[in-house]
$ cat start38.cif   # mmCIF, C-alpha atoms
data_final
loop_
_atom_site.label_atom_id
_atom_site.label_comp_id
_atom_site.auth_asym_id
_atom_site.auth_seq_id
_atom_site.Cartn_x
_atom_site.Cartn_y
_atom_site.Cartn_z
CA GLY A 1 -118.87 -60.79 53.16
CA SER A 2 -116.41 -57.97 53.89
CA ASN A 3 -113.43 -59.88 52.45
CA GLU A 4 -110.97 -58.03 54.63
CA ASN A 5 -107.28 -58.68 54.05
CA VAL A 6 -106.20 -60.59 57.18
CA TYR A 7 -102.47 -59.95 56.67
CA GLY A 8 -102.66 -56.18 57.17
CA PRO A 9 -100.81 -53.40 55.33
CA SER A 10 -97.20 -53.95 54.32
CA LEU A 11 -94.46 -52.90 56.75
CA LYS A 12 -93.45 -50.11 54.36
CA ALA A 13 -97.00 -48.80 54.33
CA GLN A 14 -97.16 -48.92 58.11
CA ALA A 15 -93.91 -46.95 58.34
CA ALA A 16 -95.23 -44.36 55.89
CA MET A 17 -98.44 -43.98 57.91
CA GLU A 18 -96.45 -43.54 61.12
CA LYS A 19 -94.49 -40.70 59.52
CA ALA A 20 -97.61 -39.17 57.95
CA LYS A 21 -99.20 -38.48 61.34
CA GLU A 22 -96.75 -35.59 61.72
CA ARG A 23 -98.76 -33.77 59.01
CA ALA A 24 -102.20 -34.64 60.39
CA HIS A 25 -102.85 -30.96 61.18
CA LEU A 26 -102.60 -29.96 57.50
CA TYR A 27 -104.99 -30.25 54.56
CA ASN A 28 -103.92 -32.83 52.04
CA PHE A 29 -104.42 -31.17 48.64
CA ARG A 30 -100.87 -31.89 47.51
CA ALA A 31 -100.88 -35.48 48.76
CA ILE A 32 -104.00 -36.38 46.78
CA GLY A 33 -102.44 -34.91 43.64
CA GLN A 34 -99.25 -36.91 44.21
CA LEU A 35 -101.23 -40.12 44.63
CA LYS A 36 -103.14 -39.43 41.41
CA ASP A 37 -99.82 -39.05 39.58
CA VAL A 38 -98.59 -42.38 40.95
CA ILE A 39 -101.74 -44.20 39.84
CA SER A 40 -101.64 -42.43 36.47
CA GLU A 41 -98.13 -43.76 35.86
CA ILE A 42 -99.05 -47.30 36.95
CA GLU A 43 -102.24 -47.51 34.89
CA GLY A 44 -101.28 -45.39 31.89
CA ILE A 45 -104.35 -43.20 32.34
CA PRO A 46 -104.19 -39.36 32.41
CA SER A 47 -104.37 -37.98 35.95
CA ASP A 48 -107.37 -35.81 35.08
CA HIS A 49 -109.27 -39.06 34.44
CA ILE A 50 -108.63 -40.23 38.04
CA ALA A 51 -110.47 -39.32 41.23
CA MET A 52 -109.55 -40.30 44.80
CA ALA A 53 -111.84 -40.93 47.74
CA SER A 54 -112.03 -42.64 51.11
CA GLY A 55 -112.57 -46.06 49.55
CA SER A 56 -114.53 -46.83 46.40
CA SER A 57 -117.88 -46.66 48.25
CA PRO A 58 -118.32 -42.89 47.72
CA PHE A 59 -118.13 -43.35 43.95
CA LEU A 60 -120.55 -46.29 43.97
CA GLU A 61 -123.00 -44.28 46.05
CA LYS A 62 -122.73 -41.18 43.88
CA VAL A 63 -123.40 -43.03 40.63
CA SER A 64 -126.56 -44.26 42.37
CA TYR A 65 -127.49 -40.64 43.11
CA LEU A 66 -126.81 -39.78 39.48
CA ALA A 67 -129.23 -42.44 38.25
CA ARG A 68 -131.85 -41.12 40.65
CA ILE A 69 -131.36 -37.55 39.47
CA GLU A 70 -131.73 -38.71 35.87
CA GLY A 71 -135.04 -40.30 36.86
CA GLY A 72 -134.28 -43.73 35.46
CA SER A 73 -133.73 -47.28 36.67
CA VAL A 74 -130.63 -49.33 37.48
CA LEU A 75 -129.71 -52.61 35.79
CA CYS A 76 -127.47 -55.12 37.56
CA PRO A 77 -126.84 -58.87 37.85
CA HIS A 78 -128.05 -60.91 40.81
CA PRO A 79 -126.45 -61.74 43.09
CA THR A 80 -123.77 -59.07 43.12
CA TYR A 81 -122.14 -56.58 45.47
CA GLY A 82 -124.93 -54.68 47.18
CA SER A 83 -123.72 -51.07 47.30
CA VAL A 84 -125.24 -49.74 44.07
CA PRO A 85 -128.53 -51.72 44.08
CA GLY A 86 -128.94 -51.18 47.82
CA MET A 87 -128.37 -47.42 47.69
CA SER A 88 -130.54 -47.11 44.59
CA GLU A 89 -133.46 -48.79 46.32
CA ARG A 90 -133.03 -46.54 49.35
CA LEU A 91 -133.33 -43.59 47.00
CA GLY A 92 -136.52 -44.99 45.50
CA THR A 93 -134.97 -46.02 42.20
CA GLU A 94 -136.23 -49.10 40.39
CA VAL A 95 -133.56 -51.83 40.31
CA ILE A 96 -133.77 -54.47 37.57
CA ARG A 97 -131.92 -57.59 38.74
CA VAL A 98 -130.83 -60.15 36.16
CA PRO A 99 -130.07 -63.62 37.59
CA VAL A 100 -126.63 -65.04 36.84
CA GLY A 101 -126.44 -68.04 34.51
CA GLU A 102 -126.36 -71.70 35.47
CA ASP A 103 -122.56 -71.45 35.44
CA MET A 104 -122.89 -68.76 38.15
CA ALA A 105 -121.38 -66.18 35.78
CA ILE A 106 -122.89 -62.83 34.78
CA ASN A 107 -124.91 -63.35 31.61
CA LEU A 108 -124.34 -60.35 29.34
CA ASP A 109 -126.96 -61.48 26.81
CA ALA A 110 -129.54 -61.64 29.59
CA MET A 111 -128.45 -58.15 30.68
CA ARG A 112 -129.00 -56.92 27.12
CA ALA A 113 -132.44 -58.52 27.03
CA ALA A 114 -133.42 -56.77 30.27
CA MET A 115 -132.28 -53.36 29.04
CA THR A 116 -134.93 -50.68 28.56
CA ASP A 117 -134.84 -47.05 27.49
CA ASP A 118 -135.55 -46.16 31.12
CA VAL A 119 -132.25 -47.64 32.39
CA LYS A 120 -129.79 -44.88 33.24
CA LEU A 121 -127.12 -46.96 35.01
CA ILE A 122 -125.70 -50.46 34.47
CA TYR A 123 -123.61 -51.92 37.30
CA LEU A 124 -121.22 -54.85 36.89
CA CYS A 125 -118.84 -56.16 39.56
CA ASN A 126 -115.94 -57.92 37.81
CA PRO A 127 -114.75 -60.20 39.36
CA ASN A 128 -118.18 -60.55 40.87
CA ASN A 129 -118.97 -60.66 44.59
CA PRO A 130 -120.17 -62.84 46.30
CA ILE A 131 -119.77 -65.22 43.33
CA PRO A 132 -116.08 -65.02 42.28
CA THR A 133 -116.59 -65.36 38.54
CA ILE A 134 -115.20 -63.13 35.81
CA ILE A 135 -116.61 -61.70 32.59
CA GLU A 136 -114.57 -62.60 29.49
CA LYS A 137 -112.63 -59.51 28.47
CA ASN A 138 -113.62 -59.25 24.80
CA ALA A 139 -117.29 -59.85 25.52
CA LEU A 140 -117.21 -57.23 28.30
CA ARG A 141 -115.44 -54.67 26.15
CA GLU A 142 -118.06 -55.12 23.42
CA PHE A 143 -120.84 -54.84 26.00
CA CYS A 144 -119.39 -51.65 27.50
CA LEU A 145 -118.98 -49.94 24.13
CA GLU A 146 -122.48 -50.97 23.04
CA MET A 147 -124.43 -50.22 26.22
CA SER A 148 -122.59 -47.00 27.10
CA LYS A 149 -124.40 -45.44 24.15
CA ARG A 150 -127.62 -45.88 26.14
CA ALA A 151 -126.61 -45.57 29.82
CA ILE A 152 -123.69 -45.09 32.19
CA VAL A 153 -121.82 -48.36 32.66
CA VAL A 154 -120.03 -48.81 36.00
CA ILE A 155 -117.48 -51.60 36.37
CA ASP A 156 -116.51 -52.35 39.97
CA GLU A 157 -113.00 -53.84 39.91
CA ALA A 158 -112.48 -54.21 43.65
CA TYR A 159 -110.78 -57.60 43.14
CA TYR A 160 -108.87 -56.70 39.98
CA GLU A 161 -105.44 -57.40 41.45
CA TYR A 162 -106.29 -60.97 42.43
CA VAL A 163 -107.10 -62.27 38.93
CA ASP A 164 -104.53 -64.27 36.96
CA ASN A 165 -106.93 -65.60 34.32
CA PRO A 166 -105.85 -64.48 30.80
CA ASP A 167 -109.52 -64.15 29.83
CA TYR A 168 -109.83 -61.23 32.27
CA SER A 169 -108.90 -57.59 31.70
CA THR A 170 -109.64 -54.22 33.21
CA MET A 171 -111.86 -51.87 31.24
CA ALA A 172 -110.06 -48.79 32.56
CA GLY A 173 -108.62 -47.83 29.18
CA LEU A 174 -112.11 -47.25 27.79
CA VAL A 175 -112.72 -44.16 29.94
CA VAL A 176 -110.33 -41.97 27.95
CA ASP A 177 -112.67 -41.74 24.96
CA ASN A 178 -116.00 -42.63 26.55
CA PRO A 179 -117.74 -40.37 29.10
CA ASN A 180 -120.35 -43.02 29.94
CA ILE A 181 -117.96 -45.60 31.44
CA VAL A 182 -116.79 -45.49 35.07
CA ILE A 183 -114.27 -47.88 36.64
CA CYS A 184 -114.01 -48.17 40.44
CA ARG A 185 -111.02 -49.61 42.32
CA THR A 186 -110.08 -49.94 45.98
CA ALA A 187 -107.01 -50.47 48.15
CA SER A 188 -109.16 -52.08 50.85
CA LYS A 189 -108.56 -55.62 49.60
CA ILE A 190 -105.14 -56.11 48.01
CA HIS A 191 -103.39 -53.46 50.15
CA ALA A 192 -105.36 -54.17 53.35
CA PHE A 193 -106.55 -50.56 53.68
CA ALA A 194 -110.17 -51.33 54.58
CA GLY A 195 -109.91 -49.21 57.72
CA ILE A 196 -107.57 -46.59 56.28
CA ARG A 197 -109.88 -45.94 53.30
CA VAL A 198 -108.32 -45.44 49.88
CA GLY A 199 -110.29 -45.81 46.66
CA PHE A 200 -110.20 -44.37 43.20
CA ALA A 201 -112.27 -44.08 40.05
CA PHE A 202 -111.34 -43.83 36.39
CA ALA A 203 -113.69 -41.78 34.23
CA HIS A 204 -113.79 -38.97 31.71
CA PRO A 205 -113.20 -35.57 33.40
CA ASP A 206 -116.74 -34.44 32.53
CA THR A 207 -118.13 -37.52 34.26
CA LEU A 208 -115.88 -37.13 37.30
CA LYS A 209 -117.42 -33.70 37.84
CA LEU A 210 -120.79 -35.42 38.34
CA ILE A 211 -119.59 -37.94 40.95
CA THR A 212 -117.01 -35.95 42.91
CA PRO A 213 -117.48 -32.86 45.07
CA PRO A 214 -115.67 -29.66 44.00
CA PHE A 215 -113.91 -29.46 47.37
CA ASP A 216 -113.07 -32.94 48.58
CA LEU A 217 -110.83 -33.55 51.58
CA SER A 218 -112.30 -36.90 52.63
CA MET A 219 -108.90 -38.62 52.45
CA ASN A 220 -106.39 -38.12 55.20
CA TYR A 221 -102.59 -37.97 55.24
CA MET A 222 -102.22 -41.48 56.60
CA ALA A 223 -104.28 -42.81 53.69
#
$ encode --input "start38.cif" --output "structure tokens"
Amino acid sequence: GSNENVYGPSLKAQAAMEKAKERAHLYNFRAIGQLKDVISEIEGIPSDHIAMASGSSPFLEKVSYLARIEGGSVLCPHPTYGSVPGMSERLGTEVIRVPVGEDMAINLDAMRAAMTDDVKLIYLCNPNNPIPTIIEKNALREFCLEMSKRAIVVIDEAYYEYVDNPDYSTMAGLVVDNPNIVICRTASKIHAFAGIRVGFAFAHPDTLKLITPPFDLSMNYMA
């Protein structure tokens, strides 16, 4: 269920964390900015389209709040990772669950068929969890561009780094021109930072303002 990385952080990361404790008494404004710049260079996405947090969970929770504030429902496949549908139900939001296909993959046509004008948020975990299937990249891109005209589309890419299938691709590049697409990533899995807590989101700056606090110091120097 938790899919923790049993190997632990790399030795270089452990050495960096050991050194970072010397600055534990300071706020980490500069460190967060530096990390954004590193991710920006790796992903080819402007740094103002990147937000950092203590894991990706804060972003998944806040998009759930956003749907609740908008007064609409949430559309997601079933089964899938439980953060967004679970938080949405706790907030009293209607969650429309669309069963996966017989091949155990997320059925985008079925998701389209279940869409209503009341849906404010669409959540897709790709690769999915707990079923480790992917959504074909061209079909997903078309879906994101189409459905983002009607609702916010959130793609949870927690397992992005593990995929070597050529039919898979991140949707991160779409956020530059589309304020209704949010991509979430985490270092908990591939970098074994589940307990250290590092996550990030890609989104248009106007959208990031809605899902990030104006004064966020949730990350620490070790992270």
$ residues_around --input "start38.cif" --residues "region 72-86 of chain A" --least-positions-apart "3" --cutoff "7 Å" --atoms "only C-alpha atoms" --output "MDAnalysis selection string"
chainID A and resid 60:61 64 67:68 89:90 93:100 106 118:125 128:130
$ residues_around --input "start38.cif" --residues "Ala187 (chain A)" --least-positions-apart "3" --cutoff "9 Å" --atoms "only C-alpha atoms" --output "ChimeraX atom specification"
/A:55-56,158,190-194,197-200
$ closest_residue --input "start38.cif" --among "A:Ile134, A:Val182, A:Leu140, A:Leu26" --to "Tyr162 (chain A)" --atoms "all atoms listed in the file"
A:Ile134
$ axis_aligned_box --input "start38.cif" --around "region 208-213 of chain A" --padding-each-side "5 Å" --output "JSON"
{"center_x": -118.3, "center_y": -35.4, "center_z": 41.2, "size_x": 14.9, "size_y": 15.1, "size_z": 17.8}
$ closest_residue --input "start38.cif" --among "A:Ala110, A:Met52, A:Ala105, A:Ile135" --to "Asn28 (chain A)" --atoms "all atoms listed in the file"
A:Met52
$ atom_distance --input "start38.cif" --atom1 "CA of Phe215 (chain A)" --atom2 "CA of Ile32 (chain A)"
12.1 Å
$ atom_distance --input "start38.cif" --atom1 "CA of Tyr7 (chain A)" --atom2 "CA of Asp167 (chain A)"
28.1 Å
$ residues_around --input "start38.cif" --residues "Ala201 (chain A)" --least-positions-apart "3" --cutoff "12 Å" --atoms "all atoms listed in the file" --output "ChimeraX atom specification"
/A:36,39-40,43,45,47-60,62-63,154-158,171-172,175,181-187,198,204-205,207-209,211-212
$ build_atoms --input "start38.cif" --residues "region 119-135 of chain A" --atoms "N, CA, C and O atoms" --output "compact mmCIF listing (two decimals), keeping the file's coordinate frame"
# COMPACT_ATOMS: atom_id res chain seq x y z
N VAL A 119 -133.46 -47.35 31.61
CA VAL A 119 -132.25 -47.64 32.39
C VAL A 119 -131.23 -46.53 32.19
O VAL A 119 -130.85 -46.22 31.06
N LYS A 120 -130.79 -45.94 33.29
CA LYS A 120 -129.79 -44.88 33.24
C LYS A 120 -128.42 -45.34 33.72
O LYS A 120 -127.41 -44.67 33.48
N LEU A 121 -128.37 -46.49 34.43
CA LEU A 121 -127.12 -46.96 35.01
C LEU A 121 -127.08 -48.49 34.95
O LEU A 121 -128.03 -49.17 35.34
N ILE A 122 -125.95 -49.02 34.48
CA ILE A 122 -125.70 -50.46 34.47
C ILE A 122 -124.50 -50.71 35.37
O ILE A 122 -123.45 -50.10 35.22
N TYR A 123 -124.67 -51.62 36.33
CA TYR A 123 -123.61 -51.92 37.30
C TYR A 123 -123.14 -53.35 37.14
O TYR A 123 -123.96 -54.29 37.15
N LEU A 124 -121.82 -53.52 36.99
CA LEU A 124 -121.22 -54.85 36.89
C LEU A 124 -120.02 -54.91 37.83
O LEU A 124 -119.14 -54.05 37.79
N CYS A 125 -119.98 -55.92 38.68
CA CYS A 125 -118.84 -56.16 39.56
C CYS A 125 -118.01 -57.27 38.93
O CYS A 125 -118.50 -58.40 38.76
N ASN A 126 -116.76 -56.97 38.56
CA ASN A 126 -115.94 -57.92 37.81
C ASN A 126 -114.49 -57.90 38.30
O ASN A 126 -113.79 -56.93 38.08
N PRO A 127 -114.05 -58.98 39.01
CA PRO A 127 -114.75 -60.20 39.36
C PRO A 127 -115.96 -59.90 40.24
O PRO A 127 -115.97 -58.94 40.99
N ASN A 128 -116.94 -60.78 40.14
CA ASN A 128 -118.18 -60.55 40.87
C ASN A 128 -118.00 -60.87 42.35
O ASN A 128 -117.04 -61.53 42.75
N ASN A 129 -118.92 -60.40 43.16
CA ASN A 129 -118.97 -60.66 44.59
C ASN A 129 -120.46 -60.74 44.94
O ASN A 129 -121.20 -59.83 44.59
N PRO A 130 -120.91 -61.80 45.58
CA PRO A 130 -120.17 -62.84 46.30
C PRO A 130 -119.76 -64.04 45.47
O PRO A 130 -119.10 -64.93 45.99
N ILE A 131 -120.18 -64.10 44.19
CA ILE A 131 -119.77 -65.22 43.33
C ILE A 131 -118.49 -64.82 42.60
O ILE A 131 -118.51 -63.88 41.80
N PRO A 132 -117.36 -65.47 42.84
CA PRO A 132 -116.08 -65.02 42.28
C PRO A 132 -115.86 -65.47 40.84
O PRO A 132 -114.91 -66.18 40.52
N THR A 133 -116.76 -65.06 39.96
CA THR A 133 -116.59 -65.36 38.54
C THR A 133 -116.21 -64.09 37.79
O THR A 133 -116.46 -62.98 38.27
N ILE A 134 -115.61 -64.27 36.62
CA ILE A 134 -115.20 -63.13 35.81
C ILE A 134 -116.04 -63.05 34.54
O ILE A 134 -116.70 -64.01 34.15
N ILE A 135 -115.99 -61.88 33.90
CA ILE A 135 -116.61 -61.70 32.59
C ILE A 135 -115.49 -61.69 31.56
O ILE A 135 -114.51 -60.94 31.70
